[in-house]
>>> print(open('model.cif').read())   # mmCIF, C-alpha atoms
data_structure
#
loop_
_atom_site.label_atom_id
_atom_site.label_comp_id
_atom_site.auth_asym_id
_atom_site.auth_seq_id
_atom_site.Cartn_x
_atom_site.Cartn_y
_atom_site.Cartn_z
CA MET A 1 25.75 -19.92 19.36
CA THR A 2 25.68 -19.66 15.58
CA VAL A 3 24.87 -16.47 13.75
CA GLU A 4 23.07 -16.88 10.45
CA LYS A 5 24.14 -14.68 7.58
CA PRO A 6 21.36 -12.90 5.72
CA VAL A 7 20.30 -14.56 2.48
CA ALA A 8 21.83 -12.82 -0.50
CA ILE A 9 19.09 -11.32 -2.65
CA THR A 10 19.54 -12.27 -6.29
CA LYS A 11 18.08 -10.91 -9.52
CA ASP A 12 15.79 -13.98 -9.51
CA HIS A 13 14.37 -12.91 -6.12
CA ILE A 14 13.77 -9.39 -7.41
CA ASP A 15 12.19 -10.61 -10.66
CA ALA A 16 9.84 -12.91 -8.71
CA TRP A 17 8.86 -10.07 -6.38
CA LYS A 18 8.23 -7.76 -9.35
CA GLN A 19 6.01 -10.36 -10.95
CA LYS A 20 4.04 -10.85 -7.73
CA TYR A 21 3.92 -7.26 -6.42
CA LYS A 22 4.78 -5.15 -9.51
CA ASP A 23 6.51 -2.33 -7.59
CA VAL A 24 9.68 -3.27 -5.67
CA PHE A 25 11.97 -0.78 -3.96
CA LYS A 26 15.59 -1.09 -2.85
CA LEU A 27 16.59 0.57 0.43
CA THR A 28 20.32 1.27 0.72
CA ALA A 29 21.81 2.58 3.96
CA THR A 30 24.99 4.64 4.02
CA ASP A 31 26.79 1.73 5.72
CA GLY A 32 25.99 -0.54 2.76
CA LYS A 33 23.13 -2.51 4.29
CA VAL A 34 20.37 -3.20 1.76
CA GLY A 35 16.71 -4.14 2.10
CA TYR A 36 13.78 -4.55 -0.26
CA CYS A 37 10.15 -3.50 0.08
CA ARG A 38 7.05 -3.59 -2.05
CA LYS A 39 4.41 -0.92 -2.48
CA PRO A 40 1.93 -1.00 0.43
CA ASN A 41 -1.70 -1.79 -0.26
CA ARG A 42 -4.61 0.40 0.77
CA ASP A 43 -5.39 -1.51 3.97
CA GLU A 44 -1.77 -1.29 5.14
CA VAL A 45 -1.63 2.46 4.53
CA SER A 46 -5.02 2.99 6.13
CA TYR A 47 -4.00 1.11 9.28
CA ALA A 48 -0.62 2.86 9.48
CA MET A 49 -2.33 6.25 9.20
CA THR A 50 -4.44 5.51 12.29
CA LEU A 51 -1.18 5.36 14.27
CA ILE A 52 0.15 8.80 13.24
CA THR A 53 -1.56 10.85 15.94
CA GLY A 54 -0.42 8.65 18.82
CA ASP A 55 3.07 7.85 17.55
CA PRO A 56 4.24 9.33 14.22
CA LEU A 57 7.14 6.86 14.00
CA ALA A 58 4.69 3.96 14.26
CA TYR A 59 3.35 4.95 10.82
CA HIS A 60 6.77 4.50 9.18
CA GLU A 61 7.56 1.38 11.18
CA THR A 62 4.24 -0.22 10.21
CA ILE A 63 4.74 0.57 6.53
CA LEU A 64 8.30 -0.81 6.61
CA LYS A 65 7.38 -4.02 8.42
CA SER A 66 4.26 -4.72 6.36
CA THR A 67 6.02 -4.27 3.02
CA TRP A 68 9.40 -5.85 3.85
CA LEU A 69 10.48 -8.47 1.32
CA GLY A 70 14.04 -9.25 2.37
CA GLY A 71 17.58 -8.09 2.80
CA ASP A 72 19.55 -7.16 5.89
CA ASP A 73 17.10 -7.50 8.79
CA GLU A 74 19.07 -4.91 10.76
CA ILE A 75 17.32 -2.27 8.62
CA LEU A 76 14.03 -3.72 9.81
CA ASN A 77 14.98 -4.11 13.48
CA ASP A 78 17.38 -1.27 14.33
CA LYS A 79 15.40 1.94 14.91
CA SER A 80 18.30 4.13 13.75
CA TYR A 81 17.62 2.93 10.18
CA LEU A 82 13.94 3.77 10.62
CA TYR A 83 14.87 7.32 11.66
CA GLY A 84 17.04 7.61 8.55
CA LEU A 85 14.27 6.36 6.28
CA GLY A 86 11.71 8.83 7.58
CA ALA A 87 10.01 10.57 4.67
CA GLN A 88 11.83 8.30 2.20
CA LEU A 89 9.18 5.66 2.90
CA ASP A 90 6.58 7.98 1.43
CA LYS A 91 8.17 7.23 -1.95
CA LEU A 92 6.55 3.80 -1.64
CA LEU A 93 3.15 5.48 -1.86
CA GLU A 94 3.55 7.19 -5.26
CA ALA A 95 0.39 9.25 -5.55
CA LYS A 96 -1.06 10.37 -8.86
CA LYS A 97 -1.46 14.11 -9.24
CA VAL A 98 -5.12 15.08 -9.49
CA GLU A 99 -6.48 18.56 -10.08
CA VAL A 100 -9.73 19.78 -8.57
CA GLU A 101 -11.73 22.46 -10.31
CA LYS A 102 -14.88 24.11 -9.04
CA LEU A 103 -17.53 24.25 -11.75
#
>>> encode(input="model.cif", output="structure tokens")
Amino acid sequence: MTVEKPVAITKDHIDAWKQKYKDVFKLTATDGKVGYCRKPNRDEVSYAMTLITGDPLAYHETILKSTWLGGDDEILNDKSYLYGLGAQLDKLLEAKKVEVEKL
């Protein structure tokens, strides 16, 4: 059985992703594994939010899988990385601050 090495992500990959998706994020685990994600779109976030009440981890897993661009697939497939990402994935959602004022 042969084991394929992950494709090394180059600056050209990242530049192409930035051109296509605008926002690209690098995920770096403490063991050195690296992955790349893009910002999720509204439909992806909306769907993931429907999963929160039944399984809160499904929200994070759905966001990670739907926005994954490349890198070490172990980050994508090994749940221990998902547990470590937790609230970090919310950084992909960058919300604008809006004030509400009663008139």
>>> atom_distance(input="model.cif", atom1="CA of Lys65 (chain A)", atom2="CA of Gln19 (chain A)")
20.4 Å
>>> resolve_selection(input="model.cif", expression="the PyMOL selection byres ((chain A and resi 58) around 12)", output="list in words")
Val45, Tyr47, Ala48, Met49, Thr50, Leu51, Ile52, Thr53, Gly54, Asp55, Pro56, Leu57, Tyr59, His60, Glu61, Thr62, Ile63, Leu64, Lys65, Ser66, Lys79, Leu82, Tyr83 and Gly86 of chain A
>>> atom_distance(input="model.cif", atom1="CA of Thr28 (chain A)", atom2="CA of Ile75 (chain A)")
9.2 Å
>>> resolve_selection(input="model.cif", expression="the PyMOL selection byres ((chain A and resi 20-27) around 8)", output="PDB file with C-alpha atoms, in the frame of the given file")
ATOM      1  CA  ILE A  14      13.770  -9.390  -7.410  1.00  0.00           C
ATOM      2  CA  ALA A  16       9.840 -12.910  -8.710  1.00  0.00           C
ATOM      3  CA  TRP A  17       8.860 -10.070  -6.380  1.00  0.00           C
ATOM      4  CA  LYS A  18       8.230  -7.760  -9.350  1.00  0.00           C
ATOM      5  CA  GLN A  19       6.010 -10.360 -10.950  1.00  0.00           C
ATOM      6  CA  THR A  28      20.320   1.270   0.720  1.00  0.00           C
ATOM      7  CA  ALA A  29      21.810   2.580   3.960  1.00  0.00           C
ATOM      8  CA  VAL A  34      20.370  -3.200   1.760  1.00  0.00           C
ATOM      9  CA  GLY A  35      16.710  -4.140   2.100  1.00  0.00           C
ATOM     10  CA  TYR A  36      13.780  -4.550  -0.260  1.00  0.00           C
ATOM     11  CA  CYS A  37      10.150  -3.500   0.080  1.00  0.00           C
ATOM     12  CA  ARG A  38       7.050  -3.590  -2.050  1.00  0.00           C
ATOM     13  CA  LYS A  39       4.410  -0.920  -2.480  1.00  0.00           C
ATOM     14  CA  LEU A  92       6.550   3.800  -1.640  1.00  0.00           C
TER      15      LEU A  92
END
>>> atom_distance(input="model.cif", atom1="CA of Asp90 (chain A)", atom2="CA of Asp43 (chain A)")
15.5 Å
>>> closest_residue(input="model.cif", among="A:Pro40, A:Asp31, A:Lys91, A:Tyr81", to="Leu69 (chain A)", atoms="all atoms listed in the file")
A:Pro40
>>> residues_near_point(input="model.cif", point="(19.1, -10.6, -0.8)", cutoff="9 Å", atoms="only C-alpha atoms", output="PyMOL selection string")
chain A and resi 6-11+13-14+34-36+70-72
>>> closest_residue(input="model.cif", among="A:Thr67, A:Lys97, A:Asp78, A:Leu85", to="Glu44 (chain A)", atoms="all atoms listed in the file")
A:Thr67
>>> closest_residue(input="model.cif", among="A:Lys33, A:Asp15, A:Leu103, A:Asn41", to="Glu74 (chain A)", atoms="all atoms listed in the file")
A:Lys33
>>> axis_aligned_box(input="model.cif", around="region 5-19 of chain A", padding_each_side="4 Å", output="lines of an AutoDock Vina configuration file")
center_x = 15.1
center_y = -11.2
center_z = -1.7
size_x = 26.1
size_y = 14.9
size_z = 26.5
